[in-house]
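Reading through the structure tokens given below for one structure.
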Amino acid sequence: MFDPILYTKCIDFAAKKHRKQRRLDPEQTPYINHPIGVAYLLTEANVVDLNILMAAILHDTVEDTDTTYEEIEQLFGKTIRDIVAECSDDKSLPKQERKRLQIEHALGSSREAKLVKLADKLYNLRDLERTLPTGWTEDRRCEYFKWAKQVVDNLRGTNDHLENALDEIFKKQNLM
């Protein structure tokens, strides 16, 4: 059952945690637009499970803020904590290792985490289509598309709507 109070609490929590962060686009979009957009993409794909939507809102909090898994569990429950944990990189590892592990872990992720990851990749790739992030080269953008396709390939069979939207992007990038 959808709990609007808990969902709004989740959005408020994430907004406070990401309040000083900006996306790398030239407009320096407030970072919170990203997790809200990821949750919205899930609803467009007919995903209405509250745990999945809340995990989407929180998916970058541990990775990119001072939030802990324990804090998420205390406020929002173990199920959401577990989905967020599956979607989070270990920032203590080198970047290339984190990217390799995302590809590797995608295959064995839960359905809930796969949904969040698919929507996250879709949001990021649409942003990359729209604009080059500050400090990025065209080569880096191309490499991101190639890497994202490897991750998405290991998430397949989860949601046709999200996968079809991603495939359209990959076709435009000549990756299919």
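In the structure tokens, each chain is lettered A, B, ... as it comes, each chain's residues begin at 1, and ligands are numbered from 1 in order of appearance.
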Using DSSP on the backbone coordinates, identify the residues of chain A assigned to alpha helix (DSSP H); present them as JSON, numbers by chain.
{"A": [4, 5, 6, 7, 8, 9, 10, 11, 12, 13, 14, 15, 16, 17, 33, 34, 35, 36, 37, 38, 39, 40, 41, 42, 43, 44, 50, 51, 52, 53, 54, 55, 56, 57, 58, 61, 62, 63, 64, 69, 70, 71, 72, 73, 74, 75, 76, 78, 79, 80, 81, 82, 83, 84, 85, 86, 87, 95, 96, 97, 98, 99, 100, 101, 102, 103, 104, 105, 106, 107, 108, 111, 112, 113, 114, 115, 116, 117, 118, 119, 120, 121, 122, 123, 124, 125, 126, 127, 128, 129, 130, 138, 139, 140, 141, 142, 143, 144, 145, 146, 147, 148, 149, 150, 151, 152, 153, 160, 161, 162, 163, 164, 165, 166, 167, 168, 169, 170, 171, 172]}
Kindly assemble as JSON lines a list of the stretch 117-168 of chain A residues that lie within 10 Å of stretch 23-40 of chain A, each paired with its nearest atom pair and their distance in Å to one decimal, using only C-alpha atoms, sorted first by chain and then by ascending residue number.
```
{"residue": "A:Lys117", "atom": "CA", "partner": "A:Val38", "partner_atom": "CA", "distance": 8.9}
{"residue": "A:Leu118", "atom": "CA", "partner": "A:Val38", "partner_atom": "CA", "distance": 8.9}
{"residue": "A:Ala119", "atom": "CA", "partner": "A:Val38", "partner_atom": "CA", "distance": 5.3}
{"residue": "A:Asp120", "atom": "CA", "partner": "A:Val38", "partner_atom": "CA", "distance": 5.5}
{"residue": "A:Lys121", "atom": "CA", "partner": "A:Val38", "partner_atom": "CA", "distance": 8.7}
{"residue": "A:Leu122", "atom": "CA", "partner": "A:Val38", "partner_atom": "CA", "distance": 8.1}
{"residue": "A:Tyr123", "atom": "CA", "partner": "A:Val38", "partner_atom": "CA", "distance": 6.2}
{"residue": "A:Asn124", "atom": "CA", "partner": "A:His34", "partner_atom": "CA", "distance": 8.3}
{"residue": "A:Asp127", "atom": "CA", "partner": "A:Asp25", "partner_atom": "CA", "distance": 8.0}
{"residue": "A:Leu128", "atom": "CA", "partner": "A:Asp25", "partner_atom": "CA", "distance": 8.7}
{"residue": "A:Arg130", "atom": "CA", "partner": "A:Asp25", "partner_atom": "CA", "distance": 9.2}
{"residue": "A:Thr131", "atom": "CA", "partner": "A:Asp25", "partner_atom": "CA", "distance": 6.6}
{"residue": "A:Leu132", "atom": "CA", "partner": "A:Asp25", "partner_atom": "CA", "distance": 6.8}
{"residue": "A:Pro133", "atom": "CA", "partner": "A:Asp25", "partner_atom": "CA", "distance": 4.6}
{"residue": "A:Thr134", "atom": "CA", "partner": "A:Leu24", "partner_atom": "CA", "distance": 5.4}
{"residue": "A:Gly135", "atom": "CA", "partner": "A:Leu24", "partner_atom": "CA", "distance": 8.2}
{"residue": "A:Trp136", "atom": "CA", "partner": "A:Leu24", "partner_atom": "CA", "distance": 9.1}
```
Quick one: residues within 8 Å of A:Val151, only C-alpha atoms counted, chain neighbours fewer than 3 positions away excluded, as number ranges by chain?
A: 102-104, 106, 147-148, 154-155
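For the set A:Cys142, A:Ile72, A:Leu115, A:Leu125, the residue with the smallest atom-to-atom gap to A:Ala45 is A:Leu115, counting only C-alpha atoms.
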Measure the distance from atom CA of A:Lys17 to atom CA of A:Leu41 in Å and round it to one decimal.
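Computed distance, atom CA of A:Lys17 to atom CA of A:Leu41, equals 21.4 Å.
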Report, in Å with one decimal, the straight-line distance from atom CA of A:Ile169 to atom CA of A:Arg98.
23.2 Å
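You can rank A:Ile52, A:Thr65, A:His59, A:Lys114 by their closest distance to A:Gln21 using only C-alpha atoms, and at the top of that list sits A:Thr65.
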